[in-house]
$ cat protein31.pdb   # PDB, C-alpha atoms (C1' of nucleotides)
MODEL        1
ATOM      1  CA  MET A   1     -13.880 -38.084 -12.982
ATOM      2  CA  ASN A   2     -12.836 -35.970 -10.006
ATOM      3  CA  ILE A   3     -10.240 -33.252 -10.124
ATOM      4  CA  SER A   4      -7.377 -35.210  -8.598
ATOM      5  CA  GLU A   5      -7.606 -37.951 -11.195
ATOM      6  CA  VAL A   6      -7.656 -35.377 -13.988
ATOM      7  CA  ALA A   7      -4.702 -33.667 -12.339
ATOM      8  CA  THR A   8      -2.753 -36.925 -12.321
ATOM      9  CA  ARG A   9      -3.632 -37.811 -15.894
ATOM     10  CA  THR A  10      -2.959 -34.370 -17.388
ATOM     11  CA  ARG A  11      -0.026 -33.690 -15.078
ATOM     12  CA  LEU A  12      -1.564 -30.307 -14.317
ATOM     13  CA  PRO A  13      -1.951 -29.162 -10.688
ATOM     14  CA  ALA A  14      -5.554 -29.188  -9.455
ATOM     15  CA  LYS A  15      -5.147 -25.505  -8.652
ATOM     16  CA  THR A  16      -4.325 -24.784 -12.253
ATOM     17  CA  ILE A  17      -7.331 -26.744 -13.470
ATOM     18  CA  ARG A  18      -9.636 -24.746 -11.200
ATOM     19  CA  TYR A  19      -7.984 -21.603 -12.459
ATOM     20  CA  TYR A  20      -8.591 -22.623 -16.072
ATOM     21  CA  GLU A  21     -12.246 -23.083 -15.260
ATOM     22  CA  GLU A  22     -12.373 -19.722 -13.527
ATOM     23  CA  ILE A  23     -11.062 -17.945 -16.623
ATOM     24  CA  GLY A  24     -13.404 -19.842 -18.882
ATOM     25  CA  LEU A  25     -11.060 -22.212 -20.704
ATOM     26  CA  ILE A  26     -13.033 -25.245 -19.599
ATOM     27  CA  ALA A  27     -16.514 -25.674 -18.177
ATOM     28  CA  PRO A  28     -16.904 -29.087 -16.563
ATOM     29  CA  PRO A  29     -20.405 -29.846 -15.234
ATOM     30  CA  ARG A  30     -20.985 -30.416 -11.528
ATOM     31  CA  ASP A  31     -22.189 -33.426  -9.604
ATOM     32  CA  VAL A  32     -25.045 -33.008  -7.145
ATOM     33  CA  ASN A  33     -22.506 -32.689  -4.345
ATOM     34  CA  GLY A  34     -20.905 -29.695  -6.080
ATOM     35  CA  TYR A  35     -17.781 -31.570  -7.203
ATOM     36  CA  ARG A  36     -16.562 -30.978 -10.735
ATOM     37  CA  ALA A  37     -17.429 -33.973 -12.915
ATOM     38  CA  PHE A  38     -14.867 -33.962 -15.732
ATOM     39  CA  ARG A  39     -15.765 -35.560 -19.056
ATOM     40  CA  GLU A  40     -13.331 -36.907 -21.616
ATOM     41  CA  THR A  41     -13.661 -33.688 -23.624
ATOM     42  CA  ASP A  42     -12.622 -31.648 -20.581
ATOM     43  CA  MET A  43      -9.583 -33.835 -20.160
ATOM     44  CA  HIS A  44      -8.652 -33.491 -23.799
ATOM     45  CA  LYS A  45      -8.933 -29.752 -23.599
ATOM     46  CA  LEU A  46      -6.735 -29.715 -20.516
ATOM     47  CA  ALA A  47      -4.160 -31.910 -22.213
ATOM     48  CA  PHE A  48      -4.247 -29.563 -25.197
ATOM     49  CA  LEU A  49      -3.750 -26.594 -22.874
ATOM     50  CA  GLY A  50      -0.882 -28.297 -21.111
ATOM     51  CA  ARG A  51       0.929 -28.874 -24.369
ATOM     52  CA  ALA A  52       0.251 -25.386 -25.676
ATOM     53  CA  ARG A  53       1.473 -23.850 -22.413
ATOM     54  CA  ALA A  54       4.576 -26.038 -22.512
ATOM     55  CA  LEU A  55       5.305 -24.500 -25.899
ATOM     56  CA  GLY A  56       5.131 -21.120 -24.232
ATOM     57  CA  PHE A  57       1.845 -19.883 -25.672
ATOM     58  CA  THR A  58       0.142 -17.332 -23.435
ATOM     59  CA  ILE A  59      -3.235 -18.112 -21.933
ATOM     60  CA  GLU A  60      -4.885 -15.792 -24.436
ATOM     61  CA  ASP A  61      -3.114 -17.585 -27.287
ATOM     62  CA  CYS A  62      -4.364 -20.824 -25.779
ATOM     63  CA  ARG A  63      -7.903 -19.510 -25.736
ATOM     64  CA  THR A  64      -7.621 -18.688 -29.431
ATOM     65  CA  LEU A  65      -5.957 -21.995 -30.282
ATOM     66  CA  LEU A  66      -8.635 -23.889 -28.401
ATOM     67  CA  ALA A  67     -11.349 -22.057 -30.329
ATOM     68  CA  LEU A  68      -9.608 -22.834 -33.612
ATOM     69  CA  TRP A  69      -9.217 -26.431 -32.562
ATOM     70  CA  GLU A  70     -12.931 -26.686 -31.920
ATOM     71  CA  ASP A  71     -13.800 -24.912 -35.163
ATOM     72  CA  GLN A  72     -13.892 -27.599 -37.834
ATOM     73  CA  GLY A  73     -13.902 -25.008 -40.614
ATOM     74  CA  ARG A  74     -10.945 -22.904 -39.454
ATOM     75  CA  ALA A  75      -8.185 -21.943 -41.876
ATOM     76  CA  SER A  76      -4.809 -23.425 -40.983
ATOM     77  CA  ALA A  77      -3.327 -20.052 -41.923
ATOM     78  CA  ASP A  78      -4.817 -18.563 -38.752
ATOM     79  CA  VAL A  79      -3.114 -21.141 -36.585
ATOM     80  CA  ARG A  80       0.131 -20.875 -38.452
ATOM     81  CA  SER A  81       0.346 -17.108 -38.158
ATOM     82  CA  LEU A  82      -0.304 -17.291 -34.433
ATOM     83  CA  ALA A  83       2.380 -19.925 -34.035
ATOM     84  CA  GLN A  84       4.779 -17.992 -36.212
ATOM     85  CA  ASP A  85       4.311 -14.798 -34.176
ATOM     86  CA  HIS A  86       4.950 -16.788 -31.058
ATOM     87  CA  LEU A  87       8.010 -18.372 -32.601
ATOM     88  CA  GLY A  88       9.312 -14.896 -33.339
ATOM     89  CA  ARG A  89       8.859 -13.842 -29.730
ATOM     90  CA  ILE A  90      10.647 -16.948 -28.529
ATOM     91  CA  GLU A  91      13.538 -16.342 -30.877
ATOM     92  CA  ALA A  92      13.787 -12.746 -29.683
ATOM     93  CA  LYS A  93      13.843 -13.924 -26.093
ATOM     94  CA  ILE A  94      16.556 -16.430 -26.879
ATOM     95  CA  THR A  95      18.636 -13.699 -28.486
ATOM     96  CA  ASP A  96      18.210 -11.483 -25.427
ATOM     97  CA  LEU A  97      19.183 -14.268 -23.086
ATOM     98  CA  GLU A  98      22.179 -15.234 -25.189
ATOM     99  CA  GLU A  99      23.391 -11.687 -25.010
ATOM    100  CA  MET A 100      23.011 -11.729 -21.239
ATOM    101  CA  ARG A 101      24.725 -15.087 -21.059
ATOM    102  CA  ASP A 102      27.708 -13.906 -23.129
ATOM    103  CA  THR A 103      28.213 -10.744 -21.106
ATOM    104  CA  LEU A 104      27.749 -12.502 -17.817
ATOM    105  CA  SER A 105      29.939 -15.393 -18.810
ATOM    106  CA  SER A 106      32.837 -13.158 -19.767
ATOM    107  CA  LEU A 107      32.475 -11.283 -16.485
ATOM    108  CA  VAL A 108      32.380 -14.471 -14.464
ATOM    109  CA  HIS A 109      35.498 -15.714 -16.202
ATOM    110  CA  ALA A 110      37.273 -12.432 -15.619
ATOM    111  CA  CYS A 111      36.564 -12.596 -11.900
ATOM    112  CA  ALA A 112      39.111 -14.330  -9.715
ATOM    113  CA  GLY A 113      36.429 -15.327  -7.227
ATOM    114  CA  ASP A 114      38.729 -15.364  -4.231
ATOM    115  CA  ASP A 115      38.692 -13.495  -0.939
ATOM    116  CA  ARG A 116      40.100 -10.301  -2.365
ATOM    117  CA  PRO A 117      37.680  -7.440  -2.960
ATOM    118  CA  ASP A 118      38.764  -6.710  -6.531
ATOM    119  CA  CYS A 119      35.924  -7.751  -8.809
ATOM    120  CA  PRO A 120      35.461  -7.042 -12.520
ATOM    121  CA  ILE A 121      31.781  -7.927 -12.273
ATOM    122  CA  LEU A 122      31.014  -5.124  -9.846
ATOM    123  CA  LYS A 123      33.433  -2.876 -11.680
ATOM    124  CA  SER A 124      31.563  -3.384 -14.911
ATOM    125  CA  LEU A 125      28.156  -2.896 -13.303
ATOM    126  CA  GLY A 126      29.344   0.283 -11.673
ATOM    127  CA  ASP A 127      31.131   1.812 -14.635
ATOM    128  CA  ALA A 128      29.628   5.163 -15.416
ATOM    129  CA  THR A 129      29.144   4.642 -19.131
ATOM    130  CA  LEU A 130      26.315   7.154 -19.037
TER
ATOM    131  CA  MET B   1      18.524  16.834  -9.836
ATOM    132  CA  ASN B   2      14.826  16.120 -10.321
ATOM    133  CA  ILE B   3      13.418  12.747 -11.210
ATOM    134  CA  SER B   4      12.857  13.404 -14.899
ATOM    135  CA  GLU B   5      16.486  14.340 -15.469
ATOM    136  CA  VAL B   6      17.632  11.213 -13.650
ATOM    137  CA  ALA B   7      15.148   9.209 -15.695
ATOM    138  CA  THR B   8      16.602  10.603 -18.910
ATOM    139  CA  ARG B   9      20.184  10.064 -17.862
ATOM    140  CA  THR B  10      19.751   6.551 -16.502
ATOM    141  CA  ARG B  11      17.201   5.593 -19.155
ATOM    142  CA  LEU B  12      14.975   4.260 -16.384
ATOM    143  CA  PRO B  13      11.313   5.278 -16.248
ATOM    144  CA  ALA B  14      10.497   7.703 -13.416
ATOM    145  CA  LYS B  15       7.942   5.177 -12.168
ATOM    146  CA  THR B  16      10.676   2.589 -11.815
ATOM    147  CA  ILE B  17      12.908   4.989  -9.929
ATOM    148  CA  ARG B  18      10.108   5.741  -7.448
ATOM    149  CA  TYR B  19       9.554   2.031  -7.117
ATOM    150  CA  TYR B  20      13.228   1.438  -6.362
ATOM    151  CA  GLU B  21      13.003   4.022  -3.632
ATOM    152  CA  GLU B  22       9.851   2.411  -2.252
ATOM    153  CA  ILE B  23      11.577  -0.958  -1.918
ATOM    154  CA  GLY B  24      14.649   0.607  -0.369
ATOM    155  CA  LEU B  25      17.221   0.289  -3.143
ATOM    156  CA  ILE B  26      17.878   4.021  -3.107
ATOM    157  CA  ALA B  27      17.112   6.772  -0.617
ATOM    158  CA  PRO B  28      17.397  10.188  -2.232
ATOM    159  CA  PRO B  29      16.855  13.158   0.125
ATOM    160  CA  ARG B  30      13.962  15.556  -0.400
ATOM    161  CA  ASP B  31      13.836  19.240  -1.213
ATOM    162  CA  VAL B  32      11.693  21.534   0.938
ATOM    163  CA  ASN B  33       8.941  21.221  -1.654
ATOM    164  CA  GLY B  34       8.882  17.451  -1.238
ATOM    165  CA  TYR B  35      10.555  16.719  -4.556
ATOM    166  CA  ARG B  36      13.232  14.047  -4.603
ATOM    167  CA  ALA B  37      16.675  15.684  -4.847
ATOM    168  CA  PHE B  38      18.931  13.085  -6.448
ATOM    169  CA  ARG B  39      22.652  13.179  -5.759
ATOM    170  CA  GLU B  40      25.376  11.765  -7.959
ATOM    171  CA  THR B  41      25.560   8.684  -5.755
ATOM    172  CA  ASP B  42      21.850   8.030  -6.296
ATOM    173  CA  MET B  43      22.347   8.269 -10.016
ATOM    174  CA  HIS B  44      25.281   5.895  -9.915
ATOM    175  CA  LYS B  45      23.279   3.398  -7.945
ATOM    176  CA  LEU B  46      20.428   3.659 -10.424
ATOM    177  CA  ALA B  47      22.802   3.166 -13.333
ATOM    178  CA  PHE B  48      24.233   0.133 -11.566
ATOM    179  CA  LEU B  49      20.734  -1.226 -11.040
ATOM    180  CA  GLY B  50      19.839  -0.623 -14.663
ATOM    181  CA  ARG B  51      22.833  -2.619 -15.822
ATOM    182  CA  ALA B  52      22.294  -5.424 -13.354
ATOM    183  CA  ARG B  53      18.610  -5.680 -14.313
ATOM    184  CA  ALA B  54      19.583  -5.684 -17.999
ATOM    185  CA  LEU B  55      21.699  -8.736 -17.215
ATOM    186  CA  GLY B  56      18.577 -10.340 -15.824
ATOM    187  CA  PHE B  57      19.446 -10.250 -12.127
ATOM    188  CA  THR B  58      16.380 -10.243  -9.900
ATOM    189  CA  ILE B  59      15.690  -7.282  -7.667
ATOM    190  CA  GLU B  60      16.840  -9.268  -4.660
ATOM    191  CA  ASP B  61      20.073 -10.156  -6.468
ATOM    192  CA  CYS B  62      20.456  -6.471  -7.226
ATOM    193  CA  ARG B  63      20.012  -5.619  -3.574
ATOM    194  CA  THR B  64      22.791  -8.038  -2.698
ATOM    195  CA  LEU B  65      25.042  -6.851  -5.506
ATOM    196  CA  LEU B  66      24.539  -3.243  -4.487
ATOM    197  CA  ALA B  67      25.488  -4.094  -0.914
ATOM    198  CA  LEU B  68      28.611  -5.907  -2.127
ATOM    199  CA  TRP B  69      29.435  -2.985  -4.364
ATOM    200  CA  GLU B  70      29.265  -0.615  -1.404
ATOM    201  CA  ASP B  71      31.262  -2.956   0.799
ATOM    202  CA  GLN B  72      34.895  -2.173   0.139
ATOM    203  CA  GLY B  73      36.036  -5.318   1.898
ATOM    204  CA  ARG B  74      33.818  -7.847   0.135
ATOM    205  CA  ALA B  75      35.226 -11.035  -1.283
ATOM    206  CA  SER B  76      34.957 -11.258  -5.038
ATOM    207  CA  ALA B  77      34.007 -14.905  -4.544
ATOM    208  CA  ASP B  78      30.621 -13.804  -3.196
ATOM    209  CA  VAL B  79      29.893 -11.791  -6.292
ATOM    210  CA  ARG B  80      31.175 -14.484  -8.570
ATOM    211  CA  SER B  81      29.043 -17.207  -7.073
ATOM    212  CA  LEU B  82      25.938 -15.064  -7.331
ATOM    213  CA  ALA B  83      26.713 -14.307 -10.952
ATOM    214  CA  GLN B  84      27.480 -17.922 -11.684
ATOM    215  CA  ASP B  85      24.175 -19.116 -10.221
ATOM    216  CA  HIS B  86      22.404 -16.558 -12.301
ATOM    217  CA  LEU B  87      24.320 -17.632 -15.373
ATOM    218  CA  GLY B  88      23.157 -21.177 -14.741
ATOM    219  CA  ARG B  89      19.551 -20.077 -14.579
ATOM    220  CA  ILE B  90      19.919 -18.134 -17.803
ATOM    221  CA  GLU B  91      21.465 -21.102 -19.550
ATOM    222  CA  ALA B  92      18.640 -23.337 -18.371
ATOM    223  CA  LYS B  93      16.105 -20.855 -19.655
ATOM    224  CA  ILE B  94      17.850 -20.708 -23.016
ATOM    225  CA  THR B  95      17.753 -24.500 -23.249
ATOM    226  CA  ASP B  96      14.029 -24.516 -22.484
ATOM    227  CA  LEU B  97      13.328 -21.865 -25.050
ATOM    228  CA  GLU B  98      15.432 -23.610 -27.674
ATOM    229  CA  GLU B  99      13.427 -26.750 -27.156
ATOM    230  CA  MET B 100      10.203 -24.797 -27.588
ATOM    231  CA  ARG B 101      11.620 -23.082 -30.629
ATOM    232  CA  ASP B 102      12.613 -26.369 -32.277
ATOM    233  CA  THR B 103       9.260 -28.026 -31.703
ATOM    234  CA  LEU B 104       7.325 -24.971 -32.746
ATOM    235  CA  SER B 105       9.474 -24.371 -35.765
ATOM    236  CA  SER B 106       8.999 -27.878 -37.079
ATOM    237  CA  LEU B 107       5.248 -27.566 -36.556
ATOM    238  CA  VAL B 108       5.099 -24.220 -38.324
ATOM    239  CA  HIS B 109       7.031 -25.643 -41.264
ATOM    240  CA  ALA B 110       4.741 -28.657 -41.431
ATOM    241  CA  CYS B 111       1.663 -26.452 -41.633
ATOM    242  CA  ALA B 112       0.467 -25.405 -45.056
ATOM    243  CA  GLY B 113      -0.982 -22.173 -43.683
ATOM    244  CA  ASP B 114      -3.688 -21.863 -46.285
ATOM    245  CA  ASP B 115      -7.475 -21.652 -46.044
ATOM    246  CA  ARG B 116      -7.966 -25.366 -45.510
ATOM    247  CA  PRO B 117      -8.714 -26.590 -41.997
ATOM    248  CA  ASP B 118      -6.100 -29.330 -41.926
ATOM    249  CA  CYS B 119      -3.392 -28.253 -39.484
ATOM    250  CA  PRO B 120      -0.530 -30.281 -38.018
ATOM    251  CA  ILE B 121      -0.048 -27.703 -35.278
ATOM    252  CA  LEU B 122      -3.503 -28.261 -33.819
ATOM    253  CA  LYS B 123      -3.226 -31.937 -34.518
ATOM    254  CA  SER B 124      -0.057 -32.173 -32.488
ATOM    255  CA  LEU B 125      -1.456 -30.092 -29.619
ATOM    256  CA  GLY B 126      -4.575 -32.228 -29.554
ATOM    257  CA  ASP B 127      -2.927 -35.615 -29.793
ATOM    258  CA  ALA B 128      -3.825 -37.679 -26.766
ATOM    259  CA  THR B 129      -0.327 -38.796 -25.873
ATOM    260  CA  LEU B 130      -1.442 -39.181 -22.288
TER
ATOM    261  C1'  DA C   1     -19.145 -41.815  15.601
ATOM    262  C1'  DT C   2     -15.024 -40.392  14.099
ATOM    263  C1'  DA C   3     -10.959 -39.660  11.466
ATOM    264  C1'  DA C   4      -8.587 -39.049   7.191
ATOM    265  C1'  DG C   5      -8.583 -37.393   2.983
ATOM    266  C1'  DG C   6     -10.810 -35.069  -0.998
ATOM    267  C1'  DC C   7     -13.578 -31.503  -2.511
ATOM    268  C1'  DT C   8     -15.334 -26.600  -2.381
ATOM    269  C1'  DT C   9     -14.756 -21.333  -2.236
ATOM    270  C1'  DC C  10     -12.385 -17.195  -1.266
ATOM    271  C1'  DC C  11      -8.542 -14.243  -0.193
ATOM    272  C1'  DA C  12      -3.841 -12.983  -0.492
ATOM    273  C1'  DG C  13       0.728 -13.204  -2.430
ATOM    274  C1'  DT C  14       4.127 -13.673  -6.184
ATOM    275  C1'  DC C  15       7.549 -10.327  -9.500
ATOM    276  C1'  DA C  16       8.761  -5.997 -11.221
ATOM    277  C1'  DC C  17       6.754  -2.867 -12.598
ATOM    278  C1'  DT C  18       2.879   0.216 -15.099
ATOM    279  C1'  DG C  19      -1.276   3.155 -15.572
ATOM    280  C1'  DG C  20      -4.113   6.440 -13.878
ATOM    281  C1'  DA C  21      -6.452   9.639 -10.700
ATOM    282  C1'  DA C  22      -6.204  13.496  -7.570
ATOM    283  C1'  DG C  23      -3.774  17.113  -6.092
ATOM    284  C1'  DG C  24       0.501  20.242  -4.885
ATOM    285  C1'  DT C  25       4.522  23.179  -7.233
ATOM    286  C1'  DC C  26       7.053  25.916 -10.462
ATOM    287  C1'  DA C  27       8.309  28.991 -14.399
ATOM    288  C1'  DA C  28       6.718  31.759 -18.192
ATOM    289  C1'  DG C  29       3.722  34.848 -20.395
ATOM    290  C1'  DC C  30      -0.003  38.257 -20.224
TER
ATOM    291  C1'  DG D   1      -1.660  38.774 -10.030
ATOM    292  C1'  DC D   2      -3.485  35.128 -12.776
ATOM    293  C1'  DT D   3      -3.512  31.509 -15.798
ATOM    294  C1'  DT D   4      -1.529  27.785 -18.238
ATOM    295  C1'  DG D   5       1.074  23.829 -18.728
ATOM    296  C1'  DA D   6       4.583  21.005 -17.337
ATOM    297  C1'  DC D   7       6.403  19.227 -13.518
ATOM    298  C1'  DC D   8       6.176  16.731  -9.089
ATOM    299  C1'  DT D   9       3.764  14.043  -5.275
ATOM    300  C1'  DT D  10       0.987   9.941  -3.257
ATOM    301  C1'  DC D  11      -2.081   6.187  -3.486
ATOM    302  C1'  DC D  12      -4.671   2.511  -5.598
ATOM    303  C1'  DA D  13      -5.338  -0.981  -8.939
ATOM    304  C1'  DG D  14      -3.897  -4.101 -12.552
ATOM    305  C1'  DT D  15      -0.648  -7.158 -15.121
ATOM    306  C1'  DG D  16       0.209 -13.085 -16.016
ATOM    307  C1'  DA D  17      -0.373 -17.332 -14.590
ATOM    308  C1'  DC D  18      -0.587 -19.281 -11.159
ATOM    309  C1'  DT D  19       0.256 -20.773  -5.908
ATOM    310  C1'  DG D  20      -0.508 -21.108  -0.839
ATOM    311  C1'  DG D  21      -3.485 -21.297   2.776
ATOM    312  C1'  DA D  22      -7.689 -21.038   5.600
ATOM    313  C1'  DA D  23     -12.359 -22.486   6.533
ATOM    314  C1'  DG D  24     -15.719 -25.573   5.790
ATOM    315  C1'  DC D  25     -18.540 -29.366   3.335
ATOM    316  C1'  DC D  26     -18.459 -34.414   1.482
ATOM    317  C1'  DT D  27     -17.064 -39.305   1.301
ATOM    318  C1'  DT D  28     -15.207 -43.528   2.717
ATOM    319  C1'  DA D  29     -13.428 -46.680   6.019
ATOM    320  C1'  DT D  30     -13.087 -48.159  10.518
TER
ENDMDL
END
$ encode --input "protein31.pdb" --output "structure tokens"
Amino acid sequence: MNISEVATRTRLPAKTIRYYEEIGLIAPPRDVNGYRAFRETDMHKLAFLGRARALGFTIEDCRTLLALWEDQGRASADVRSLAQDHLGRIEAKITDLEEMRDTLSSLVHACAGDDRPDCPILKSLGDATL
Amino acid sequence: MNISEVATRTRLPAKTIRYYEEIGLIAPPRDVNGYRAFRETDMHKLAFLGRARALGFTIEDCRTLLALWEDQGRASADVRSLAQDHLGRIEAKITDLEEMRDTLSSLVHACAGDDRPDCPILKSLGDATL
DNA sequence: ATAAGGCTTCCAGTCACTGGAAGGTCAAGC
DNA sequence: GCTTGACCTTCCAGTGACTGGAAGCCTTAT
């Protein structure tokens, strides 16, 4: 299987697949012509990576998850704690963003948004609350 | 005012302040010894930048906002539309993260997290739903 | 034989900093 | 006057996870 077919089937850009090889997440063998010859296992790993990345795991998390996935004797506790840490980070990020959203939203609503220069958004950003 | 005092007062790292100068957001004059000599206006700009960045505006947004802030004749509509676009992006990001959170949370709850290898998290990541 | 398209590598750029090295400056204490 | 330590300066490199683009080989069809 050549890279473009794998790209289509995993919905990952070819560039990303090459990058994943470069950083050692996959290691497809090569044909005599130098082309990467992807096996089913490579595709499965890439699909796994795509899903893990879509859940926001970092590449290093993905490396760990992939190793655990391959390790038939792993403890599910290891996976769970990694996922739980990640969940915590996501929740923290959501909280941060919600705070931004609330502040920004109230500013946007307070702003007339016409051709006059008076603007509570700029006023609030400029307020010397130091 | 030297950089460390400004850093303390604006709660921005000195490195960041130098960076903001490098990219042209501020332009503090220099003392004879070559040290940056921050004026009140520089500090106000930095405080403004700190608040705008805390609201998640990109540096380029900040550049625009700063210019609007300095422009006494600006239309508040310009500011408002910038803020509203940004608000939209934040809301989209929150939605994404909430989706991740929900999926991840259900997986974490489904996982026993003990020393057995059976793990719904890995199972779900590995499922060939291609 | 040639043209189009796919594959390869390598280099540079993204964003907003952050760390660290090498070296100049300043104030205090001896 | 000298040293010490805390400042300040610049410059270079690295972060994460790709992404774009150039230059050049390989394959397939005409």
$ closest_atom_pairs --input "protein31.pdb" --of "chain B" --to "chain A" --cutoff "8 Å" --atoms "only C-alpha atoms" --output "JSON lines"
{"residue": "B:Arg9", "atom": "CA", "partner": "A:Leu130", "partner_atom": "CA", "distance": 6.9}
{"residue": "B:Thr10", "atom": "CA", "partner": "A:Leu130", "partner_atom": "CA", "distance": 7.1}
{"residue": "B:His44", "atom": "CA", "partner": "A:Ala128", "partner_atom": "CA", "distance": 7.0}
{"residue": "B:Lys45", "atom": "CA", "partner": "A:Gly126", "partner_atom": "CA", "distance": 7.8}
{"residue": "B:Ala47", "atom": "CA", "partner": "A:Gly126", "partner_atom": "CA", "distance": 7.3}
{"residue": "B:Phe48", "atom": "CA", "partner": "A:Gly126", "partner_atom": "CA", "distance": 5.1}
{"residue": "B:Leu49", "atom": "CA", "partner": "A:Leu125", "partner_atom": "CA", "distance": 7.9}
{"residue": "B:Arg51", "atom": "CA", "partner": "A:Leu125", "partner_atom": "CA", "distance": 5.9}
{"residue": "B:Ala52", "atom": "CA", "partner": "A:Leu125", "partner_atom": "CA", "distance": 6.4}
{"residue": "B:Ala54", "atom": "CA", "partner": "A:Met100", "partner_atom": "CA", "distance": 7.7}
{"residue": "B:Leu55", "atom": "CA", "partner": "A:Met100", "partner_atom": "CA", "distance": 5.2}
{"residue": "B:Gly56", "atom": "CA", "partner": "A:Met100", "partner_atom": "CA", "distance": 7.1}
{"residue": "B:Leu65", "atom": "CA", "partner": "A:Leu122", "partner_atom": "CA", "distance": 7.6}
{"residue": "B:Trp69", "atom": "CA", "partner": "A:Leu122", "partner_atom": "CA", "distance": 6.1}
{"residue": "B:Gln72", "atom": "CA", "partner": "A:Pro117", "partner_atom": "CA", "distance": 6.7}
{"residue": "B:Gly73", "atom": "CA", "partner": "A:Pro117", "partner_atom": "CA", "distance": 5.6}
{"residue": "B:Arg74", "atom": "CA", "partner": "A:Pro117", "partner_atom": "CA", "distance": 5.0}
{"residue": "B:Ala75", "atom": "CA", "partner": "A:Asp115", "partner_atom": "CA", "distance": 4.3}
{"residue": "B:Ser76", "atom": "CA", "partner": "A:Gly113", "partner_atom": "CA", "distance": 4.8}
{"residue": "B:Ala77", "atom": "CA", "partner": "A:Gly113", "partner_atom": "CA", "distance": 3.6}
{"residue": "B:Asp78", "atom": "CA", "partner": "A:Gly113", "partner_atom": "CA", "distance": 7.2}
{"residue": "B:Val79", "atom": "CA", "partner": "A:Ile121", "partner_atom": "CA", "distance": 7.4}
{"residue": "B:Arg80", "atom": "CA", "partner": "A:Gly113", "partner_atom": "CA", "distance": 5.5}
{"residue": "B:Ser81", "atom": "CA", "partner": "A:Gly113", "partner_atom": "CA", "distance": 7.6}
{"residue": "B:Ala83", "atom": "CA", "partner": "A:Val108", "partner_atom": "CA", "distance": 6.7}
{"residue": "B:Gln84", "atom": "CA", "partner": "A:Val108", "partner_atom": "CA", "distance": 6.6}
{"residue": "B:Leu87", "atom": "CA", "partner": "A:Arg101", "partner_atom": "CA", "distance": 6.2}
{"residue": "B:Ile90", "atom": "CA", "partner": "A:Arg101", "partner_atom": "CA", "distance": 6.6}
{"residue": "B:Glu91", "atom": "CA", "partner": "A:Arg101", "partner_atom": "CA", "distance": 7.0}
{"residue": "B:Ile94", "atom": "CA", "partner": "A:Ile94", "partner_atom": "CA", "distance": 5.9}
{"residue": "B:Leu97", "atom": "CA", "partner": "A:Ile94", "partner_atom": "CA", "distance": 6.6}
{"residue": "B:Glu98", "atom": "CA", "partner": "A:Ile94", "partner_atom": "CA", "distance": 7.3}
{"residue": "B:Met100", "atom": "CA", "partner": "A:Leu55", "partner_atom": "CA", "distance": 5.2}
{"residue": "B:Arg101", "atom": "CA", "partner": "A:Leu87", "partner_atom": "CA", "distance": 6.3}
{"residue": "B:Thr103", "atom": "CA", "partner": "A:Leu55", "partner_atom": "CA", "distance": 7.9}
{"residue": "B:Leu104", "atom": "CA", "partner": "A:Leu87", "partner_atom": "CA", "distance": 6.6}
{"residue": "B:Ser105", "atom": "CA", "partner": "A:Leu87", "partner_atom": "CA", "distance": 6.9}
{"residue": "B:Val108", "atom": "CA", "partner": "A:Arg80", "partner_atom": "CA", "distance": 6.0}
{"residue": "B:Cys111", "atom": "CA", "partner": "A:Arg80", "partner_atom": "CA", "distance": 6.6}
{"residue": "B:Ala112", "atom": "CA", "partner": "A:Ser76", "partner_atom": "CA", "distance": 7.0}
{"residue": "B:Gly113", "atom": "CA", "partner": "A:Ala77", "partner_atom": "CA", "distance": 3.6}
{"residue": "B:Asp114", "atom": "CA", "partner": "A:Ala77", "partner_atom": "CA", "distance": 4.7}
{"residue": "B:Asp115", "atom": "CA", "partner": "A:Ala75", "partner_atom": "CA", "distance": 4.2}
{"residue": "B:Arg116", "atom": "CA", "partner": "A:Ala75", "partner_atom": "CA", "distance": 5.0}
{"residue": "B:Pro117", "atom": "CA", "partner": "A:Ala75", "partner_atom": "CA", "distance": 4.7}
{"residue": "B:Asp118", "atom": "CA", "partner": "A:Ser76", "partner_atom": "CA", "distance": 6.1}
{"residue": "B:Cys119", "atom": "CA", "partner": "A:Ser76", "partner_atom": "CA", "distance": 5.3}
{"residue": "B:Ile121", "atom": "CA", "partner": "A:Val79", "partner_atom": "CA", "distance": 7.4}
{"residue": "B:Leu122", "atom": "CA", "partner": "A:Trp69", "partner_atom": "CA", "distance": 6.1}
{"residue": "B:Leu125", "atom": "CA", "partner": "A:Phe48", "partner_atom": "CA", "distance": 5.3}
{"residue": "B:Gly126", "atom": "CA", "partner": "A:Phe48", "partner_atom": "CA", "distance": 5.1}
{"residue": "B:Asp127", "atom": "CA", "partner": "A:Phe48", "partner_atom": "CA", "distance": 7.7}
{"residue": "B:Ala128", "atom": "CA", "partner": "A:His44", "partner_atom": "CA", "distance": 7.0}
{"residue": "B:Leu130", "atom": "CA", "partner": "A:Arg9", "partner_atom": "CA", "distance": 6.9}
$ residues_around --input "protein31.pdb" --residues "DG20 of chain C" --least-positions-apart "6" --cutoff "12 Å" --atoms "all atoms listed in the file" --output "list of chain:residue names"
D:DC11, D:DC12, D:DA13, D:DG14
$ resolve_selection --input "protein31.pdb" --expression "the PyMOL selection byres ((chain B) within 10 of (chain D))" --output "ChimeraX atom specification"
/B:2-4,33-36
$ resolve_selection --input "protein31.pdb" --expression "the PyMOL selection byres ((chain B) within 12 of (chain C))" --output "list in words"
Leu12, Pro13, Ala14, Lys15, Thr16, Ile17, Arg18, Tyr19, Tyr20, Ile23, Asp31, Val32, Asn33, Gly34, Tyr35, Arg53, Gly56, Phe57, Thr58, Ile59 and Glu60 of chain B
$ atom_distance --input "protein31.pdb" --atom1 "atom CA of Asp61 of chain B" --atom2 "atom CA of Asp85 of chain B"
10.5 Å
